Every structure is written in structure tokens, then in C-alpha cells.
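What follows is a short report on a single structure.
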Amino acid sequence: MNDRGAGVPTLGAGGLTPVTVLARPPTTNIPPEVVIERIARARARLGSRVLILCHHYQKDEVYKFADRTGDSYGLAVEASRVEEAEFIVFCGVHFMAETADILTGPRQKVLLPDLKAGCSMADMASIEQVEACWEALSEITGGGGRIVPVTYMNSSADIKAFCGRNGGAVCTSSNAEAVLLWAFERAETILFLPDQHLGRNTGYRMGIPLDAMPLWDPHAARGGADGEAYRRAKIVLWRGHCSVHQNFQAQYVPMFRQRYPGIQIIVHPECEFETVRQADFVGSTATIIKTVAAAPAGTSWAIGTEHHLVARLKAAHPDKFITTLSPYTCSCSTMFRIDAADLMRSLEGLLDGKLIHRIHVPESVAADARLALDRMLLCKAS
């Protein structure tokens with residue numbers, strides 16, 4: 001799916017040519033100050049025709065050029081609202097650019113500066129694996145509408161479309177509980193994918209016992225658990241995870257409390273269950289930002305989320321002690337792929353009449369994915 005749409009011959013007005021550049025060209029040898037100058041020049045020439053979106057986890061050298069910053073879904077919504085922008089340059093990862101393409105108008109084109117900027121979590125659930133799981137679970141449980149699928153935003157367009165076709169919805173880390181409540185009004189069991197930790201942490205907070213949330217391992221025969229476990233399940237959790245948030249291990253919580261007396265622990269719900277259980281606060285990226293910003297001066301915080309966001313919070317709030325909840329630097333390696341030279345290449349390509357690394361979701365997929373996203377909007381975020 002990474003090069004979906006790259007060969008589409010007709011892209012509407014403007015006569016722009018789609019181009020796929022998988023190998024990194026030698027632009028990284030250009031002095032950084034020259035790259036910055038060329039980005040600024042291209043950005044000025046393109047004006048309101050282009051909108052640059054940057055996820056919170058992006059490098060500073062890219063982040064500073066953003067017209068909008070935020071999380072994946074919020075940025076996609078922003079793109080859909082800026083209708084005058086013909087081109088959306090999404091500095092994030094592949095599924096984010098897909099979501100932006102699903103939500104924006106037909107005249108808008110979405111670019112991803114580096115096609116290799118993917119998401120390991122999203123890659124842990126392919127459409128073939130999910131369809132095989134769905135067939136097996138329907139057989140095990142007797143089908144008949146007893147199961148509804150819910151996918152985290154961090155999933156491919158194909159998976160979102162699968163949920164749309166099968167009566168399910170998408171969720172974010174902010175509204176996962178609300179979406180699960182919506183789903184339980186419609187079915188006895190939920191297939192939650194691809195992040196087991198968000199599903200487990202949310203389900204447990206709702207009062208669902210751990211033994212009612214068995215894992216489905218797509219690489220094991222019939223999911224890896226016995227059929228009775230799936231028949232009794234309230235939530236079947238897909239065996240996927242975030243490679244960054246896995247790093248915030250439960251053993252670090254007491255270690256940081258001992259090292260920094262009085263420190264408060266706040267973590268993302270993609271962290272493992274044992275870590276979340278020990279934290280003082282749990283919440284989405286937006287919740288983490290708001291909580292730390294609203295905290296009194298002089299408070300201390302250890303944050304379980306990606307390094308670049310923690311570093312920006314530390315710089316923005318010098319009146320507080322802020323550190324990452326890990327003895328190691330926890331960065332998203334795929335988000336980290338996009339650099340200033342990639343952004344420069346995307347913008348200068350537009351000036352040359354080229355769509356470099358366009359992300360295009362076929363309408364046959366986008367329509368079902370929008371259905372799943374629309375159902376999510378029926379659910380009030382917690």
C-alpha cells in the first residue's frame with residue numbers, strides 16, 4: 001500500500017505528474033542553512049496552495065515549518081477544513097496521510113515526504129490477516145452479528161474500511177471508551193485492533209476483567225487461544241503494539257519515584273497494562289499536553305510518550321521539572337525518517353509540477369473508511 005496512487009495518470013487540474021522516489025537522493029548533503037532557505041522560498045511561492053501538517057513526534061527541523069501541529073486525526077480534520085489548500089504535505093506516517101486523503105476533498109492532493117515513514121503498529125494488522133480472523137471468530141462464536149470490529153486510528157485505510165463494511169468504527173486514544181460503549185450497544189463482543197494495550201487498558205477501566213479480553217495472534221493457529229476463551233470474550237485483542245510506548249516499562253515507575261520524590265507519572269494508554277496501572281495519570285497526547293500545561297509551577301513530571309513531545313513540553317514549561325519515563329531516549333524511528341531535505345523535495349516538486357510521494361486511497365476503500373470514521377464521531381470523547 002505504500003505506493004498506492006503513485007501511478008495514477010490523471011490528477012485533475014494543474015497537470016501535475018505523480019512521482020515515487022523511494023531512494024533518498026543526495027539532498028542530505030546540502031548544507032542545512034541552504035535547505036532551510038530553499039524550503040522558505042518554495043513555501044512562499046506556493047502560498048495558500050499548500051498546507052504543511054506536522055505530528056507532535058516530528059523532528060524540530062521539520063516541525064518549525066508546520067502550518068498546523070497536532071495528533072494524527074486532528075491534523076487530518078484540519079486538512080479537510082482548509083479547503084483552499086490544493087496540496088497537503090503531511091509530515092507524519094503513512095496511515096496519517098491516508099486518513100487525510102480520506103477526509104479531504106477530491107481536488108486536494110496529499111503528499112508524504114518519505115514513503116518509508118510507516119507505522120510498525122499499523123503494519124501488525126494486514127487486511128488479509130484481519131479477514132481470516134473475522135471468518136474464524138464468526139465460526140467460533142456462531143456469528144449472527146455477535147461481534148463488531150473497532151480499529152484504532154493507527155491502522156491502514158484497508159482496516160478502517162473493513163470496520164466500516166462490518167458495522168464497526170474507528171477510535172482514537174481520547175474516545176476509545178466512548179466508541180467501545182457504542183459498540184457494546186450493538187454486539188456482545190468487540191474485535192479490537194491493532195493495539196492490544198489501548199484495548200486492554202480501556203476495557204479494564206470499563207470494568208472488563210483481563211480474562212475476558214483474550215489475545216488474537218495472527219501468526220498462531222486460530223489466534224492462539226482455545227475456542228472457549230473467544231466464545232466468552234468481551235473484547236478480543238489483536239496482538240499489536242506501539243514500538244515506542246512498549247519501552248516505558250513497569251519497572252521504571254518505582255525507579256523514577258525513588259529517584260525524584262514527589263514526581264507525577266503520566267503515560268499514554270498505548271503503554272503496557274502494568275505501567276498504566278502504576279501511573280498517576282493516563283491520557284492521549286492532547287491530554288498529556290493539557291495536563292502538564294495546567295500543572296502548578298514547581299511540579300515534577302515523568303512522561304511516558306515519544307521523546308520529541310517530551311522535549312517540547314520541557315522547553316515550553318521551564319517552571320516545571322519534566323523528564324521522560326525511561327533511562328533511554330524513546331523516539332519513533334519511522335516518524336524520525338522525515339527530515340528538512342524531504343520537506344524541501346516535496347515543496348520544490350510541486351513547483352516543478354510533480355507530486356512526489358502522493359498518498360491516494362481509492363474511493364472504493366475510502367467510502368467504507370469514512371463510514372467507520374463517521375460512526376466514531378457519534379461517540380463523545382471522554
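Starting from 1 in every chain, residues are counted up; chains themselves are A, B, ... following the order of the C-alpha cells, and ligands are numbered from 1 as listed.
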
Practice problem: Enumerate the residues of stretch 181-330 of chain A with a DSSP assignment of strand (DSSP E or B), computed from the backbone, and present them as an NGL selection string. | Solution: :A and (189-193 or 215-216 or 235-238 or 264-267 or 281-282 or 300-304 or 321-324)

Deliver the residues from the most recent selection as a file, using N, CA and C atoms, as a PDB file, in the first residue's frame.
ATOM      1  N   THR A 189     -19.553  -8.866  21.615  1.00  0.00           N
ATOM      2  CA  THR A 189     -18.093  -8.971  21.619  1.00  0.00           C
ATOM      3  C   THR A 189     -17.498  -7.969  20.631  1.00  0.00           C
ATOM      4  N   ILE A 190     -16.347  -7.429  20.993  1.00  0.00           N
ATOM      5  CA  ILE A 190     -15.641  -6.488  20.127  1.00  0.00           C
ATOM      6  C   ILE A 190     -14.307  -7.096  19.710  1.00  0.00           C
ATOM      7  N   LEU A 191     -13.992  -7.014  18.432  1.00  0.00           N
ATOM      8  CA  LEU A 191     -12.640  -7.294  17.947  1.00  0.00           C
ATOM      9  C   LEU A 191     -11.923  -5.960  17.899  1.00  0.00           C
ATOM     10  N   PHE A 192     -10.915  -5.781  18.757  1.00  0.00           N
ATOM     11  CA  PHE A 192     -10.208  -4.502  18.853  1.00  0.00           C
ATOM     12  C   PHE A 192      -8.816  -4.644  18.265  1.00  0.00           C
ATOM     13  N   LEU A 193      -8.483  -3.778  17.319  1.00  0.00           N
ATOM     14  CA  LEU A 193      -7.190  -3.850  16.657  1.00  0.00           C
ATOM     15  C   LEU A 193      -6.688  -2.458  16.301  1.00  0.00           C
ATOM     16  N   LEU A 215      -6.110 -12.534  23.727  1.00  0.00           N
ATOM     17  CA  LEU A 215      -5.367 -12.060  22.565  1.00  0.00           C
ATOM     18  C   LEU A 215      -5.679 -12.903  21.338  1.00  0.00           C
ATOM     19  N   TRP A 216      -5.686 -12.243  20.188  1.00  0.00           N
ATOM     20  CA  TRP A 216      -5.706 -12.958  18.908  1.00  0.00           C
ATOM     21  C   TRP A 216      -4.353 -12.724  18.245  1.00  0.00           C
ATOM     22  N   ILE A 235     -13.894  -8.562  24.789  1.00  0.00           N
ATOM     23  CA  ILE A 235     -13.060  -7.901  23.788  1.00  0.00           C
ATOM     24  C   ILE A 235     -11.967  -8.883  23.363  1.00  0.00           C
ATOM     25  N   VAL A 236     -11.874  -9.125  22.068  1.00  0.00           N
ATOM     26  CA  VAL A 236     -10.764  -9.903  21.517  1.00  0.00           C
ATOM     27  C   VAL A 236      -9.707  -8.900  21.070  1.00  0.00           C
ATOM     28  N   LEU A 237      -8.540  -8.980  21.672  1.00  0.00           N
ATOM     29  CA  LEU A 237      -7.471  -8.015  21.424  1.00  0.00           C
ATOM     30  C   LEU A 237      -6.503  -8.527  20.360  1.00  0.00           C
ATOM     31  N   TRP A 238      -6.307  -7.730  19.345  1.00  0.00           N
ATOM     32  CA  TRP A 238      -5.318  -8.069  18.318  1.00  0.00           C
ATOM     33  C   TRP A 238      -3.917  -7.956  18.918  1.00  0.00           C
ATOM     34  N   GLN A 264       5.218  13.109  39.479  1.00  0.00           N
ATOM     35  CA  GLN A 264       3.957  12.564  38.999  1.00  0.00           C
ATOM     36  C   GLN A 264       4.200  11.859  37.662  1.00  0.00           C
ATOM     37  N   ILE A 265       3.572  10.724  37.524  1.00  0.00           N
ATOM     38  CA  ILE A 265       3.763   9.886  36.338  1.00  0.00           C
ATOM     39  C   ILE A 265       2.536  10.012  35.443  1.00  0.00           C
ATOM     40  N   ILE A 266       2.749  10.392  34.193  1.00  0.00           N
ATOM     41  CA  ILE A 266       1.651  10.444  33.216  1.00  0.00           C
ATOM     42  C   ILE A 266       2.080   9.674  31.977  1.00  0.00           C
ATOM     43  N   VAL A 267       1.233   8.780  31.509  1.00  0.00           N
ATOM     44  CA  VAL A 267       1.600   7.912  30.392  1.00  0.00           C
ATOM     45  C   VAL A 267       0.480   7.845  29.366  1.00  0.00           C
ATOM     46  N   PHE A 281      -1.576   9.479  36.072  1.00  0.00           N
ATOM     47  CA  PHE A 281      -2.471   9.962  35.021  1.00  0.00           C
ATOM     48  C   PHE A 281      -2.229   9.145  33.753  1.00  0.00           C
ATOM     49  N   VAL A 282      -3.300   8.922  33.012  1.00  0.00           N
ATOM     50  CA  VAL A 282      -3.217   8.219  31.735  1.00  0.00           C
ATOM     51  C   VAL A 282      -4.027   9.015  30.726  1.00  0.00           C
ATOM     52  N   SER A 300       6.782  18.186  39.337  1.00  0.00           N
ATOM     53  CA  SER A 300       7.702  17.317  38.597  1.00  0.00           C
ATOM     54  C   SER A 300       6.912  16.250  37.854  1.00  0.00           C
ATOM     55  N   TRP A 301       7.343  15.963  36.618  1.00  0.00           N
ATOM     56  CA  TRP A 301       6.613  15.043  35.767  1.00  0.00           C
ATOM     57  C   TRP A 301       7.557  14.084  35.041  1.00  0.00           C
ATOM     58  N   ALA A 302       7.199  12.815  35.063  1.00  0.00           N
ATOM     59  CA  ALA A 302       7.849  11.816  34.212  1.00  0.00           C
ATOM     60  C   ALA A 302       6.793  11.354  33.216  1.00  0.00           C
ATOM     61  N   ILE A 303       7.095  11.492  31.930  1.00  0.00           N
ATOM     62  CA  ILE A 303       6.087  11.305  30.892  1.00  0.00           C
ATOM     63  C   ILE A 303       6.413  10.080  30.035  1.00  0.00           C
ATOM     64  N   GLY A 304       5.443   9.205  29.903  1.00  0.00           N
ATOM     65  CA  GLY A 304       5.597   8.003  29.087  1.00  0.00           C
ATOM     66  C   GLY A 304       5.041   8.193  27.701  1.00  0.00           C
ATOM     67  N   PHE A 321       9.763  20.544  36.413  1.00  0.00           N
ATOM     68  CA  PHE A 321      10.751  19.523  36.083  1.00  0.00           C
ATOM     69  C   PHE A 321      10.062  18.471  35.239  1.00  0.00           C
ATOM     70  N   ILE A 322      10.545  18.266  34.032  1.00  0.00           N
ATOM     71  CA  ILE A 322       9.927  17.336  33.094  1.00  0.00           C
ATOM     72  C   ILE A 322      10.998  16.404  32.541  1.00  0.00           C
ATOM     73  N   THR A 323      10.723  15.115  32.588  1.00  0.00           N
ATOM     74  CA  THR A 323      11.642  14.126  32.049  1.00  0.00           C
ATOM     75  C   THR A 323      10.846  12.994  31.411  1.00  0.00           C
ATOM     76  N   THR A 324      11.511  12.191  30.613  1.00  0.00           N
ATOM     77  CA  THR A 324      10.853  11.033  30.018  1.00  0.00           C
ATOM     78  C   THR A 324      10.909   9.862  30.983  1.00  0.00           C
TER      79      THR A 324
END

Quiz item: If you run DSSP on the backbone, which residues of stretch 277-315 of chain A are helix (DSSP H, G or I), as an MDAnalysis selection string?
Solution: chainID A and resid 277:278 285:294 307:315

Quiz prompt | Shell of 12 Å around stretch 343-345 of chain A, only C-alpha atoms, local chain residues under 4 positions omitted, as a ChimeraX atom specification | solution = /A:19-21,24-28,30,32-43,51-54,58-59,61-66,88-92,111-114,337-339,349-352,354-357

Quiz item: Do you have the atom CA of A:Gln249-atom CA of A:Lys234 distance handy?
Solution: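 Taking atom CA of A:Gln249 and atom CA of A:Lys234, their separation equals 26.5 Å.
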
Exercise. Take atom CA of A:Cys133 and atom CA of A:His219 and report the distance between them in Å, one decimal.
Key: 10.4 Å

Exercise. Please provide as JSON, numbers by chain all residues within 9 Å of A:Gln278, with the sequence filter that same-chain residues fewer than 5 positions apart are discarded (counting only C-alpha atoms).
Key: {"A": [250, 253, 254, 265, 273]}

Restricted to N, CA and C atoms, what would the selected residues look like written as a compact mmCIF listing (two decimals), in the first residue's frame?
# COMPACT_ATOMS: atom_id res chain seq x y z
N ALA A 250 7.15 -1.17 33.26
CA ALA A 250 6.59 -1.01 34.60
C ALA A 250 7.68 -0.81 35.65
N VAL A 253 8.66 2.86 36.76
CA VAL A 253 7.82 3.73 37.59
C VAL A 253 8.35 3.84 39.02
N PRO A 254 8.55 2.73 39.74
CA PRO A 254 9.12 2.88 41.08
C PRO A 254 10.54 3.44 41.07
N ILE A 265 3.57 10.72 37.52
CA ILE A 265 3.76 9.89 36.34
C ILE A 265 2.54 10.01 35.44
N PHE A 273 -0.04 -2.60 30.22
CA PHE A 273 -1.01 -2.58 31.31
C PHE A 273 -0.36 -2.33 32.66

Quiz item: Pick the closest to A:Thr69 from A:Ala212, A:His55, A:Gln129, A:Arg81: which is it, counting only C-alpha atoms?
Solution: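 Going through A:Ala212, A:His55, A:Gln129, A:Arg81 one by one, the smallest distance to A:Thr69 is for A:His55.
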